$ cat coords.pdb   # PDB, C-alpha atoms
MODEL        1
ATOM      1  CA  MET A   1      66.826 124.249  18.748
ATOM      2  CA  THR A   2      68.020 121.475  16.427
ATOM      3  CA  ASP A   3      65.648 118.899  14.947
ATOM      4  CA  ALA A   4      67.231 116.226  17.148
ATOM      5  CA  GLY A   5      66.796 118.506  20.142
ATOM      6  CA  LEU A   6      63.111 118.984  19.353
ATOM      7  CA  ALA A   7      62.523 115.244  19.154
ATOM      8  CA  GLU A   8      64.352 114.774  22.463
ATOM      9  CA  THR A   9      62.244 117.540  23.986
ATOM     10  CA  ALA A  10      59.037 115.832  22.815
ATOM     11  CA  PHE A  11      59.883 112.563  24.539
ATOM     12  CA  HIS A  12      61.262 114.364  27.608
ATOM     13  CA  PHE A  13      57.941 116.181  27.882
ATOM     14  CA  LEU A  14      56.054 112.891  28.210
ATOM     15  CA  GLU A  15      58.622 111.308  30.498
ATOM     16  CA  THR A  16      58.607 114.170  32.998
ATOM     17  CA  LEU A  17      54.863 114.804  33.256
ATOM     18  CA  GLN A  18      53.450 115.371  36.715
ATOM     19  CA  PRO A  19      50.619 112.845  37.054
ATOM     20  CA  THR A  20      47.137 114.233  37.471
ATOM     21  CA  ARG A  21      45.029 112.991  40.367
ATOM     22  CA  LEU A  22      43.047 109.778  40.419
ATOM     23  CA  ILE A  23      40.286 110.166  42.985
ATOM     24  CA  ALA A  24      37.540 107.874  44.267
ATOM     25  CA  SER A  25      33.989 109.098  44.779
ATOM     26  CA  PRO A  26      31.946 106.961  47.180
ATOM     27  CA  GLU A  27      29.028 109.328  46.638
ATOM     28  CA  LEU A  28      28.972 108.742  42.874
ATOM     29  CA  ALA A  29      29.364 105.009  43.489
ATOM     30  CA  ARG A  30      26.298 105.051  45.744
ATOM     31  CA  ARG A  31      24.313 107.158  43.301
ATOM     32  CA  THR A  32      25.063 104.845  40.375
ATOM     33  CA  GLY A  33      24.825 101.581  42.318
ATOM     34  CA  VAL A  34      28.357 100.338  41.640
ATOM     35  CA  GLY A  35      31.262  99.273  43.808
ATOM     36  CA  ARG A  36      33.685 102.100  43.014
ATOM     37  CA  VAL A  37      33.852 105.168  40.791
ATOM     38  CA  LEU A  38      37.363 106.424  40.023
ATOM     39  CA  LEU A  39      37.989 109.718  38.247
ATOM     40  CA  LYS A  40      41.175 110.899  36.536
ATOM     41  CA  ILE A  41      41.268 114.696  36.897
ATOM     42  CA  GLU A  42      42.802 116.170  33.737
ATOM     43  CA  ALA A  43      41.938 119.678  34.880
ATOM     44  CA  ASP A  44      45.209 119.373  36.831
ATOM     45  CA  ARG A  45      47.311 119.692  33.644
ATOM     46  CA  PRO A  46      49.114 123.037  33.238
ATOM     47  CA  LEU A  47      46.823 123.914  30.313
ATOM     48  CA  GLY A  48      43.779 122.630  32.181
ATOM     49  CA  ASN A  49      42.947 119.669  29.931
ATOM     50  CA  PHE A  50      44.249 116.378  28.497
ATOM     51  CA  LYS A  51      44.849 117.795  25.000
ATOM     52  CA  GLN A  52      48.216 119.101  26.174
ATOM     53  CA  LEU A  53      49.511 115.524  25.984
ATOM     54  CA  GLY A  54      48.775 114.976  22.302
ATOM     55  CA  GLY A  55      49.212 118.471  20.905
ATOM     56  CA  MET A  56      52.554 119.122  22.576
ATOM     57  CA  PHE A  57      54.034 115.730  21.728
ATOM     58  CA  ALA A  58      52.861 115.623  18.111
ATOM     59  CA  GLY A  59      53.684 119.286  17.512
ATOM     60  CA  LEU A  60      57.269 119.001  18.713
ATOM     61  CA  LEU A  61      57.837 115.776  16.756
ATOM     62  CA  ALA A  62      56.423 117.343  13.599
ATOM     63  CA  LEU A  63      58.785 120.297  13.890
ATOM     64  CA  ALA A  64      61.688 117.887  14.358
ATOM     65  CA  ARG A  65      60.697 115.882  11.273
ATOM     66  CA  ARG A  66      59.806 118.692   8.901
ATOM     67  CA  PRO A  67      61.700 118.774   5.591
ATOM     68  CA  ALA A  68      64.766 120.984   5.265
ATOM     69  CA  GLY A  69      63.742 124.535   4.504
ATOM     70  CA  ALA A  70      60.125 124.036   5.553
ATOM     71  CA  PRO A  71      58.745 126.814   7.767
ATOM     72  CA  ALA A  72      58.707 126.314  11.539
ATOM     73  CA  HIS A  73      54.972 126.801  11.569
ATOM     74  CA  LEU A  74      52.338 124.540  13.142
ATOM     75  CA  ILE A  75      48.787 124.538  11.801
ATOM     76  CA  CYS A  76      45.719 122.901  13.276
ATOM     77  CA  ALA A  77      41.963 122.958  13.570
ATOM     78  CA  SER A  78      40.424 122.954  17.003
ATOM     79  CA  ASP A  79      37.406 123.544  19.197
ATOM     80  CA  GLY A  80      39.868 125.214  21.570
ATOM     81  CA  ASN A  81      41.925 122.763  23.590
ATOM     82  CA  HIS A  82      43.914 121.045  20.832
ATOM     83  CA  GLY A  83      44.764 124.458  19.401
ATOM     84  CA  LEU A  84      45.985 125.629  22.781
ATOM     85  CA  ALA A  85      48.265 122.589  23.078
ATOM     86  CA  VAL A  86      49.671 122.963  19.562
ATOM     87  CA  THR A  87      50.308 126.645  20.226
ATOM     88  CA  ALA A  88      52.157 125.719  23.428
ATOM     89  CA  ALA A  89      54.347 123.340  21.406
ATOM     90  CA  ALA A  90      55.141 126.090  18.915
ATOM     91  CA  GLN A  91      55.883 128.575  21.685
ATOM     92  CA  SER A  92      58.303 126.177  23.389
ATOM     93  CA  ALA A  93      60.180 125.661  20.103
ATOM     94  CA  GLY A  94      60.231 129.294  18.991
ATOM     95  CA  ALA A  95      57.879 128.478  16.105
ATOM     96  CA  LYS A  96      54.654 129.995  14.806
ATOM     97  CA  ALA A  97      51.159 128.529  15.298
ATOM     98  CA  SER A  98      47.969 129.135  13.343
ATOM     99  CA  VAL A  99      44.769 127.711  14.785
ATOM    100  CA  PHE A 100      41.553 127.433  12.771
ATOM    101  CA  LEU A 101      38.520 127.741  15.042
ATOM    102  CA  PRO A 102      34.844 127.373  14.130
ATOM    103  CA  ASP A 103      32.931 130.534  14.927
ATOM    104  CA  THR A 104      31.019 128.725  17.683
ATOM    105  CA  VAL A 105      34.128 128.649  19.907
ATOM    106  CA  THR A 106      34.014 131.065  22.828
ATOM    107  CA  ALA A 107      36.139 134.202  22.921
ATOM    108  CA  VAL A 108      37.731 132.978  26.159
ATOM    109  CA  ARG A 109      39.161 129.888  24.452
ATOM    110  CA  ALA A 110      40.407 131.964  21.528
ATOM    111  CA  GLU A 111      42.105 134.446  23.851
ATOM    112  CA  ARG A 112      43.949 131.656  25.642
ATOM    113  CA  ILE A 113      45.450 130.628  22.294
ATOM    114  CA  ARG A 114      46.403 134.217  21.486
ATOM    115  CA  GLY A 115      47.878 134.548  24.960
ATOM    116  CA  LEU A 116      50.455 131.887  24.058
ATOM    117  CA  GLY A 117      51.281 133.650  20.793
ATOM    118  CA  GLY A 118      49.015 131.677  18.484
ATOM    119  CA  GLU A 119      47.249 133.150  15.487
ATOM    120  CA  VAL A 120      43.493 132.507  15.501
ATOM    121  CA  ILE A 121      41.730 132.126  12.160
ATOM    122  CA  TRP A 122      37.949 132.011  12.419
ATOM    123  CA  VAL A 123      35.976 129.672  10.182
ATOM    124  CA  ALA A 124      32.246 129.971   9.569
ATOM    125  CA  GLY A 125      30.584 126.664  10.381
ATOM    126  CA  THR A 126      31.517 123.589  12.390
ATOM    127  CA  TYR A 127      34.682 121.962  13.656
ATOM    128  CA  ASP A 128      34.688 119.848  10.508
ATOM    129  CA  ASP A 129      34.724 123.024   8.392
ATOM    130  CA  ALA A 130      37.734 124.195  10.411
ATOM    131  CA  VAL A 131      39.459 120.849   9.781
ATOM    132  CA  GLU A 132      39.047 121.308   6.025
ATOM    133  CA  ALA A 133      40.273 124.914   6.136
ATOM    134  CA  ALA A 134      43.376 124.015   8.158
ATOM    135  CA  ALA A 135      44.219 121.123   5.834
ATOM    136  CA  ALA A 136      43.889 123.348   2.769
ATOM    137  CA  PHE A 137      46.121 125.993   4.355
ATOM    138  CA  ALA A 138      48.797 123.430   5.188
ATOM    139  CA  ALA A 139      48.557 121.890   1.707
ATOM    140  CA  ARG A 140      49.747 125.209   0.251
ATOM    141  CA  GLY A 141      53.050 124.743   2.050
ATOM    142  CA  GLU A 142      52.288 127.242   4.804
ATOM    143  CA  GLY A 143      53.431 124.895   7.566
ATOM    144  CA  VAL A 144      52.963 121.496   9.206
ATOM    145  CA  LEU A 145      49.443 120.246   9.920
ATOM    146  CA  ILE A 146      48.963 118.857  13.441
ATOM    147  CA  ALA A 147      45.635 117.131  13.045
ATOM    148  CA  ASP A 148      43.920 115.076  15.712
ATOM    149  CA  THR A 149      41.715 113.447  13.075
ATOM    150  CA  ALA A 150      42.284 112.080   9.586
ATOM    151  CA  PRO A 151      40.581 109.931   6.924
ATOM    152  CA  ASP A 152      43.719 107.782   6.628
ATOM    153  CA  PRO A 153      43.935 105.094   9.342
ATOM    154  CA  ALA A 154      47.744 105.229   9.102
ATOM    155  CA  ASP A 155      48.110 109.010   9.425
ATOM    156  CA  PRO A 156      51.389 109.450  11.358
ATOM    157  CA  VAL A 157      50.579 112.758  13.037
ATOM    158  CA  VAL A 158      47.240 111.525  14.369
ATOM    159  CA  HIS A 159      49.025 108.446  15.714
ATOM    160  CA  ASP A 160      51.534 110.766  17.431
ATOM    161  CA  VAL A 161      48.641 112.676  18.999
ATOM    162  CA  MET A 162      47.107 109.448  20.307
ATOM    163  CA  ALA A 163      50.537 108.308  21.552
ATOM    164  CA  GLY A 164      50.637 111.493  23.608
ATOM    165  CA  TYR A 165      47.204 110.733  25.055
ATOM    166  CA  ALA A 166      48.435 107.271  26.025
ATOM    167  CA  ALA A 167      50.674 108.925  28.624
ATOM    168  CA  LEU A 168      47.490 109.349  30.655
ATOM    169  CA  ALA A 169      47.087 105.562  30.705
ATOM    170  CA  ARG A 170      50.685 105.077  31.810
ATOM    171  CA  GLU A 171      49.984 107.302  34.795
ATOM    172  CA  LEU A 172      46.933 105.201  35.540
ATOM    173  CA  TYR A 173      48.919 101.950  35.672
ATOM    174  CA  ASP A 174      50.677 103.025  38.864
ATOM    175  CA  GLN A 175      47.704 104.880  40.314
ATOM    176  CA  LEU A 176      45.306 101.967  39.878
ATOM    177  CA  ARG A 177      47.805  99.586  41.439
ATOM    178  CA  GLU A 178      48.237 101.912  44.419
ATOM    179  CA  ALA A 179      44.460 102.146  44.748
ATOM    180  CA  GLY A 180      44.104  98.365  44.572
ATOM    181  CA  ALA A 181      41.671  98.799  41.705
ATOM    182  CA  SER A 182      41.141  97.062  38.391
ATOM    183  CA  PRO A 183      38.385  98.766  36.378
ATOM    184  CA  THR A 184      35.594  96.643  34.969
ATOM    185  CA  HIS A 185      34.085  99.528  32.995
ATOM    186  CA  LEU A 186      35.412 102.626  31.231
ATOM    187  CA  TYR A 187      33.102 105.407  30.057
ATOM    188  CA  VAL A 188      35.112 107.987  28.114
ATOM    189  CA  GLN A 189      33.936 110.956  26.129
ATOM    190  CA  ALA A 190      34.505 111.042  22.395
ATOM    191  CA  GLY A 191      34.871 113.940  20.005
ATOM    192  CA  VAL A 192      36.573 112.349  16.999
ATOM    193  CA  GLY A 193      37.540 109.361  19.154
ATOM    194  CA  GLY A 194      41.260 109.851  19.754
ATOM    195  CA  LEU A 195      41.267 109.842  23.557
ATOM    196  CA  ALA A 196      38.878 106.908  23.748
ATOM    197  CA  ALA A 197      41.063 104.922  21.338
ATOM    198  CA  ALA A 198      44.272 105.697  23.229
ATOM    199  CA  LEU A 199      42.765 104.679  26.554
ATOM    200  CA  VAL A 200      41.021 101.473  25.524
ATOM    201  CA  ASP A 201      44.123 100.286  23.690
ATOM    202  CA  SER A 202      46.455 101.081  26.574
ATOM    203  CA  LEU A 203      44.268  99.957  29.479
ATOM    204  CA  ALA A 204      42.873  96.710  28.084
ATOM    205  CA  GLU A 205      45.236  94.501  30.068
ATOM    206  CA  THR A 206      44.726  96.385  33.346
ATOM    207  CA  MET A 207      40.940  95.899  33.348
ATOM    208  CA  SER A 208      38.985  93.055  34.924
ATOM    209  CA  GLY A 209      35.949  91.202  33.618
ATOM    210  CA  PRO A 210      33.645  92.019  32.011
ATOM    211  CA  ARG A 211      36.079  94.629  30.551
ATOM    212  CA  ARG A 212      33.414  96.894  29.037
ATOM    213  CA  THR A 213      34.434 100.150  27.387
ATOM    214  CA  PHE A 214      32.123 102.796  25.972
ATOM    215  CA  ALA A 215      32.506 106.001  23.980
ATOM    216  CA  VAL A 216      30.141 108.676  25.313
ATOM    217  CA  GLU A 217      28.847 111.367  22.969
ATOM    218  CA  PRO A 218      26.243 114.124  22.882
ATOM    219  CA  ARG A 219      23.223 112.929  20.951
ATOM    220  CA  ALA A 220      23.563 115.943  18.623
ATOM    221  CA  ALA A 221      27.154 115.104  17.637
ATOM    222  CA  ALA A 222      27.414 111.333  17.738
ATOM    223  CA  CYS A 223      29.925 110.809  14.941
ATOM    224  CA  VAL A 224      31.746 107.926  16.634
ATOM    225  CA  ALA A 225      28.488 106.020  17.169
ATOM    226  CA  ALA A 226      27.643 106.501  13.496
ATOM    227  CA  ALA A 227      31.110 105.306  12.479
ATOM    228  CA  LEU A 228      30.912 102.233  14.710
ATOM    229  CA  ARG A 229      27.578 101.313  13.107
ATOM    230  CA  ALA A 230      28.825 101.876   9.558
ATOM    231  CA  GLY A 231      32.288 100.390  10.063
ATOM    232  CA  ARG A 232      33.866 103.553   8.667
ATOM    233  CA  PRO A 233      33.845 107.301   9.368
ATOM    234  CA  VAL A 234      30.644 108.898   8.071
ATOM    235  CA  GLN A 235      29.699 112.564   8.110
ATOM    236  CA  ILE A 236      26.649 113.069  10.321
ATOM    237  CA  ASP A 237      23.889 115.572   9.633
ATOM    238  CA  GLY A 238      22.800 118.499  11.754
ATOM    239  CA  ASP A 239      24.400 121.597  13.219
ATOM    240  CA  LEU A 240      26.259 119.585  15.922
ATOM    241  CA  HIS A 241      25.172 122.094  18.546
ATOM    242  CA  THR A 242      25.812 120.864  22.077
ATOM    243  CA  SER A 243      26.854 122.276  25.427
ATOM    244  CA  ALA A 244      29.741 119.789  25.242
ATOM    245  CA  GLU A 245      31.591 122.084  22.857
ATOM    246  CA  MET A 246      34.807 120.055  22.766
ATOM    247  CA  LEU A 247      32.809 117.066  21.499
ATOM    248  CA  SER A 248      31.027 118.918  18.694
ATOM    249  CA  CYS A 249      32.450 116.855  15.824
ATOM    250  CA  GLY A 250      30.705 115.471  12.758
ATOM    251  CA  LEU A 251      33.241 112.972  11.428
ATOM    252  CA  ALA A 252      35.159 110.371  13.421
ATOM    253  CA  SER A 253      38.907 109.894  13.071
ATOM    254  CA  ALA A 254      39.825 106.849  10.971
ATOM    255  CA  PRO A 255      42.924 105.968  13.060
ATOM    256  CA  ALA A 256      40.842 106.126  16.246
ATOM    257  CA  LEU A 257      37.966 104.154  14.748
ATOM    258  CA  GLU A 258      40.288 101.330  13.767
ATOM    259  CA  VAL A 259      41.260 100.898  17.429
ATOM    260  CA  LEU A 260      37.733 101.307  18.787
ATOM    261  CA  ARG A 261      36.403  98.609  16.468
ATOM    262  CA  ARG A 262      39.258  96.221  17.229
ATOM    263  CA  ARG A 263      38.670  96.638  20.968
ATOM    264  CA  GLY A 264      34.897  96.180  20.707
ATOM    265  CA  VAL A 265      34.032  99.580  22.158
ATOM    266  CA  GLY A 266      30.342 100.311  22.640
ATOM    267  CA  SER A 267      28.447 103.583  22.424
ATOM    268  CA  VAL A 268      26.415 105.693  24.849
ATOM    269  CA  LEU A 269      24.535 108.790  23.718
ATOM    270  CA  VAL A 270      23.459 111.488  26.167
ATOM    271  CA  ASP A 271      21.159 114.481  25.853
ATOM    272  CA  GLU A 272      21.798 118.025  27.030
ATOM    273  CA  ASP A 273      19.966 117.619  30.328
ATOM    274  CA  ARG A 274      22.114 114.617  31.178
ATOM    275  CA  LEU A 275      25.296 116.540  30.377
ATOM    276  CA  ALA A 276      24.237 119.407  32.643
ATOM    277  CA  ALA A 277      23.300 116.973  35.419
ATOM    278  CA  ALA A 278      26.733 115.336  35.193
ATOM    279  CA  VAL A 279      28.509 118.662  35.728
ATOM    280  CA  ARG A 280      26.407 119.282  38.827
ATOM    281  CA  ALA A 281      26.849 115.745  40.129
ATOM    282  CA  LEU A 282      30.609 115.913  39.670
ATOM    283  CA  GLY A 283      30.860 119.191  41.558
ATOM    284  CA  ASP A 284      28.542 118.089  44.370
ATOM    285  CA  ALA A 285      30.304 114.748  44.877
ATOM    286  CA  THR A 286      33.961 115.717  44.436
ATOM    287  CA  GLY A 287      34.250 119.506  44.432
ATOM    288  CA  VAL A 288      35.783 119.308  40.938
ATOM    289  CA  ALA A 289      34.490 122.002  38.587
ATOM    290  CA  SER A 290      34.279 121.039  34.942
ATOM    291  CA  THR A 291      32.237 121.521  31.783
ATOM    292  CA  ALA A 292      29.733 119.418  29.868
ATOM    293  CA  SER A 293      32.639 118.153  27.773
ATOM    294  CA  GLY A 294      34.800 117.375  30.779
ATOM    295  CA  ALA A 295      32.039 115.520  32.643
ATOM    296  CA  ALA A 296      30.594 113.674  29.637
ATOM    297  CA  GLY A 297      32.015 110.322  30.743
ATOM    298  CA  LEU A 298      30.090 110.659  33.994
ATOM    299  CA  ALA A 299      26.996 111.600  31.965
ATOM    300  CA  GLY A 300      27.340 108.283  30.180
ATOM    301  CA  LEU A 301      27.561 106.366  33.452
ATOM    302  CA  LEU A 302      24.501 108.179  34.828
ATOM    303  CA  GLU A 303      22.579 107.425  31.635
ATOM    304  CA  VAL A 304      23.244 103.710  31.975
ATOM    305  CA  ALA A 305      22.985 103.445  35.750
ATOM    306  CA  GLU A 306      19.464 104.864  35.861
ATOM    307  CA  GLN A 307      18.022 102.414  33.298
ATOM    308  CA  PRO A 308      17.680  98.795  34.464
ATOM    309  CA  ALA A 309      17.753  97.361  30.946
ATOM    310  CA  LEU A 310      20.927  99.250  30.093
ATOM    311  CA  ARG A 311      22.572  98.173  33.344
ATOM    312  CA  VAL A 312      22.029  94.554  32.373
ATOM    313  CA  GLU A 313      23.214  95.175  28.811
ATOM    314  CA  HIS A 314      26.412  96.817  30.081
ATOM    315  CA  GLY A 315      27.022  94.262  32.826
ATOM    316  CA  LEU A 316      26.935  97.048  35.412
ATOM    317  CA  THR A 317      26.494  95.672  38.945
ATOM    318  CA  GLU A 318      27.031  96.620  42.568
ATOM    319  CA  ASP A 319      30.547  95.179  42.284
ATOM    320  CA  SER A 320      31.583  97.128  39.172
ATOM    321  CA  VAL A 321      34.629  99.393  39.256
ATOM    322  CA  VAL A 322      34.070 102.294  36.879
ATOM    323  CA  LEU A 323      36.838 104.510  35.522
ATOM    324  CA  LEU A 324      36.034 107.997  34.216
ATOM    325  CA  VAL A 325      38.189 110.856  32.922
ATOM    326  CA  VAL A 326      37.368 114.481  33.707
ATOM    327  CA  THR A 327      38.989 115.860  30.592
ATOM    328  CA  GLU A 328      39.005 119.581  31.396
ATOM    329  CA  GLY A 329      38.441 122.106  34.117
ATOM    330  CA  ALA A 330      35.652 124.659  34.237
ATOM    331  CA  ALA A 331      35.549 127.244  31.456
ATOM    332  CA  GLU A 332      37.088 130.534  32.532
TER     333      GLU A 332
ENDMDL
END
$ encode --input "coords.pdb" --output "structure tokens"
Amino acid sequence: MTDAGLAETAFHFLETLQPTRLIASPELARRTGVGRVLLKIEADRPLGNFKQLGGMFAGLLALARRPAGAPAHLICASDGNHGLAVTAAAQSAGAKASVFLPDTVTAVRAERIRGLGGEVIWVAGTYDDAVEAAAAFAARGEGVLIADTAPDPADPVVHDVMAGYAALARELYDQLREAGASPTHLYVQAGVGGLAAALVDSLAETMSGPRRTFAVEPRAAACVAAALRAGRPVQIDGDLHTSAEMLSCGLASAPALEVLRRRGVGSVLVDEDRLAAAVRALGDATGVASTASGAAGLAGLLEVAEQPALRVEHGLTEDSVVLLVVTEGAAE
């Protein structure tokens, strides 16, 4: 496929997406004492998660833009889902993919990447260690790095990844209108912050007052909260261990942070019990099976809804319309 053809394919991919479901849960609304709870079900994507949007789009564009003579080889770090999406982009273009995974990633997630033809390279340590290893590999000229995080706020590939995520918001425009809903609150899970940034930037004008948006993170891996406090990405301490494996990140993305700060995004931290309770609550109320990562936005809502002082701080009332994203299906 020509470079021009790859670029056309990237944009065609976004333009021809089949929208995932937006569902209402009266039961969750009753439980949390709000007017409506709406959930975008990203488990419906062909790869089972929202990362397909960013990894496919950015991967195909990067192949189209690579310098003459550069290898058709995509490289990335991942906790699993981003690597799967980048591998799918490589497969569709007849290219190679190498995915650096921290050794905490499950064998099931690694096998899904291999099943699409991707090479898995294990890295001892955390996701952040995998990010460094992938960047070093790409810096040797081995291929094109498709990162979903970067220290440079202007990093073009990370912006392409977030532009892919924004397709989710474009689906929501029509779905929210059809549902007669204008969200007052958005609770969205954050790993390095890319999805949260894409959504708050894209949905700002579709929300109603008080227009409150929050990044939800596991307490053990709250790198976005630390970055929001410091005004810049800062490496957090600890082993980052959490059941929300896709959110186990120690350093926020600078491009994402720039958006989150500009939009005044707040922070909600949740513990492991709350994450587990959210998975159960989601399944009981909607029949949707997910993981601690996928249901983390709901965990954030539950955390706030059950504490009167936090409800007041967040402006959460019986009339609030809360939007959540279920970012992935249940682990296989």
$ closest_residue --input "coords.pdb" --among "A:Asp239, A:Ser267, A:Glu328, A:Ala133" --to "Gly193 of chain A" --atoms "only C-alpha atoms"
A:Ser267
$ resolve_selection --input "coords.pdb" --expression "the PyMOL selection byres ((chain A and resi 22) around 6)" --output "list in words"
Arg21, Ile23, Leu39 and Lys40 of chain A
$ resolve_selection --input "coords.pdb" --expression "the PyMOL selection byres ((chain A and resi 329) around 9)" --output "ChimeraX atom specification"
/A:41-44,48-49,288-291,294,326-328,330-332
$ resolve_selection --input "coords.pdb" --expression "the PyMOL selection byres ((chain A and resi 212-227) around 6)" --output "PDB file with C-alpha atoms, in the frame of the given file"
ATOM      1  CA  HIS A 185      34.085  99.528  32.995  1.00  0.00           C
ATOM      2  CA  LEU A 186      35.412 102.626  31.231  1.00  0.00           C
ATOM      3  CA  TYR A 187      33.102 105.407  30.057  1.00  0.00           C
ATOM      4  CA  VAL A 188      35.112 107.987  28.114  1.00  0.00           C
ATOM      5  CA  GLN A 189      33.936 110.956  26.129  1.00  0.00           C
ATOM      6  CA  ALA A 190      34.505 111.042  22.395  1.00  0.00           C
ATOM      7  CA  PRO A 210      33.645  92.019  32.011  1.00  0.00           C
ATOM      8  CA  ARG A 211      36.079  94.629  30.551  1.00  0.00           C
ATOM      9  CA  LEU A 228      30.912 102.233  14.710  1.00  0.00           C
ATOM     10  CA  ARG A 229      27.578 101.313  13.107  1.00  0.00           C
ATOM     11  CA  ALA A 230      28.825 101.876   9.558  1.00  0.00           C
ATOM     12  CA  GLY A 231      32.288 100.390  10.063  1.00  0.00           C
ATOM     13  CA  ARG A 232      33.866 103.553   8.667  1.00  0.00           C
ATOM     14  CA  PRO A 233      33.845 107.301   9.368  1.00  0.00           C
ATOM     15  CA  VAL A 234      30.644 108.898   8.071  1.00  0.00           C
ATOM     16  CA  LEU A 240      26.259 119.585  15.922  1.00  0.00           C
ATOM     17  CA  SER A 248      31.027 118.918  18.694  1.00  0.00           C
ATOM     18  CA  CYS A 249      32.450 116.855  15.824  1.00  0.00           C
ATOM     19  CA  GLY A 250      30.705 115.471  12.758  1.00  0.00           C
ATOM     20  CA  LEU A 251      33.241 112.972  11.428  1.00  0.00           C
ATOM     21  CA  ALA A 252      35.159 110.371  13.421  1.00  0.00           C
ATOM     22  CA  VAL A 265      34.032  99.580  22.158  1.00  0.00           C
ATOM     23  CA  GLY A 266      30.342 100.311  22.640  1.00  0.00           C
ATOM     24  CA  SER A 267      28.447 103.583  22.424  1.00  0.00           C
ATOM     25  CA  VAL A 268      26.415 105.693  24.849  1.00  0.00           C
ATOM     26  CA  LEU A 269      24.535 108.790  23.718  1.00  0.00           C
ATOM     27  CA  VAL A 270      23.459 111.488  26.167  1.00  0.00           C
ATOM     28  CA  ASP A 271      21.159 114.481  25.853  1.00  0.00           C
ATOM     29  CA  GLY A 297      32.015 110.322  30.743  1.00  0.00           C
ATOM     30  CA  GLY A 300      27.340 108.283  30.180  1.00  0.00           C
TER      31      GLY A 300
END
$ atom_distance --input "coords.pdb" --atom1 "atom CA of Ala277 of chain A" --atom2 "atom CA of Ala296 of chain A"
9.9 Å
$ residues_near_point --input "coords.pdb" --point "(53.3, 123.3, 8.5)" --cutoff "7 Å" --atoms "all atoms listed in the file" --output "PDB file with C-alpha atoms, in the frame of the given file"
ATOM      1  CA  PRO A  71      58.745 126.814   7.767  1.00  0.00           C
ATOM      2  CA  ALA A  72      58.707 126.314  11.539  1.00  0.00           C
ATOM      3  CA  HIS A  73      54.972 126.801  11.569  1.00  0.00           C
ATOM      4  CA  LEU A  74      52.338 124.540  13.142  1.00  0.00           C
ATOM      5  CA  ILE A  75      48.787 124.538  11.801  1.00  0.00           C
ATOM      6  CA  ALA A 138      48.797 123.430   5.188  1.00  0.00           C
ATOM      7  CA  GLY A 141      53.050 124.743   2.050  1.00  0.00           C
ATOM      8  CA  GLU A 142      52.288 127.242   4.804  1.00  0.00           C
ATOM      9  CA  GLY A 143      53.431 124.895   7.566  1.00  0.00           C
ATOM     10  CA  VAL A 144      52.963 121.496   9.206  1.00  0.00           C
ATOM     11  CA  LEU A 145      49.443 120.246   9.920  1.00  0.00           C
TER      12      LEU A 145
END
$ residues_near_point --input "coords.pdb" --point "(41.4, 105.6, 19.1)" --cutoff "6 Å" --atoms "only C-alpha atoms" --output "MDAnalysis selection string"
chainID A and resid 193:194 196:198 256:257 259:260
$ closest_residue --input "coords.pdb" --among "A:Ser25, A:Thr184, A:Ser98, A:Ser320" --to "Leu282 of chain A" --atoms "all atoms listed in the file"
A:Ser25
$ axis_aligned_box --input "coords.pdb" --around "segment 235-248 of chain A" --padding-each-side "5 Å" --output "JSON"
{"center_x": 28.8, "center_y": 117.4, "center_z": 16.8, "size_x": 22.0, "size_y": 19.7, "size_z": 27.3}
$ atom_distance --input "coords.pdb" --atom1 "atom CA of Arg30 of chain A" --atom2 "atom CA of Gly283 of chain A"
15.4 Å
$ residues_around --input "coords.pdb" --residues "Phe57 of chain A" --least-positions-apart "4" --cutoff "8 Å" --atoms "all atoms listed in the file" --output "count of residues only"
10
$ atom_distance --input "coords.pdb" --atom1 "atom CA of Glu303 of chain A" --atom2 "atom CA of Ser182 of chain A"
22.3 Å
$ closest_atom_pairs --input "coords.pdb" --of "segment 27-139 of chain A" --to "segment 146-153 of chain A" --cutoff "9 Å" --atoms "all atoms listed in the file" --output "CSV"
residue,atom,partner,partner_atom,distance
A:Gly54,CA,A:Asp148,CA,8.2
A:Gly55,CA,A:Ile146,CA,7.5
A:Ala58,CA,A:Ile146,CA,6.9
A:Gly59,CA,A:Ile146,CA,6.2
A:Ala62,CA,A:Ile146,CA,7.6
A:Leu74,CA,A:Ile146,CA,6.6
A:Ile75,CA,A:Ile146,CA,5.9
A:Cys76,CA,A:Ile146,CA,5.2
A:Ala77,CA,A:Ala147,CA,6.9
A:Ser78,CA,A:Asp148,CA,8.7
A:His82,CA,A:Asp148,CA,7.9
A:Val86,CA,A:Ile146,CA,7.4
A:Val131,CA,A:Ala147,CA,7.9
A:Ala134,CA,A:Ala147,CA,8.7
A:Ala135,CA,A:Ala147,CA,8.4
$ residues_around --input "coords.pdb" --residues "Glu8 of chain A" --least-positions-apart "4" --cutoff "10 Å" --atoms "all atoms listed in the file" --output "ChimeraX atom specification"
/A:2-4,12-13,60-61,64
$ write_last_selection --input "coords.pdb" --atoms "C-alpha atoms" --output "PDB file, in the frame of the given file"
ATOM      1  CA  THR A   2      68.020 121.475  16.427  1.00  0.00           C
ATOM      2  CA  ASP A   3      65.648 118.899  14.947  1.00  0.00           C
ATOM      3  CA  ALA A   4      67.231 116.226  17.148  1.00  0.00           C
ATOM      4  CA  HIS A  12      61.262 114.364  27.608  1.00  0.00           C
ATOM      5  CA  PHE A  13      57.941 116.181  27.882  1.00  0.00           C
ATOM      6  CA  LEU A  60      57.269 119.001  18.713  1.00  0.00           C
ATOM      7  CA  LEU A  61      57.837 115.776  16.756  1.00  0.00           C
ATOM      8  CA  ALA A  64      61.688 117.887  14.358  1.00  0.00           C
TER       9      ALA A  64
END
$ closest_residue --input "coords.pdb" --among "A:Ala70, A:Ala29, A:Val34, A:Leu168" --to "Leu316 of chain A" --atoms "only C-alpha atoms"
A:Val34
$ closest_residue --input "coords.pdb" --among "A:Gly118, A:Gly315, A:Pro308, A:Gly33" --to "Ala85 of chain A" --atoms "only C-alpha atoms"
A:Gly118
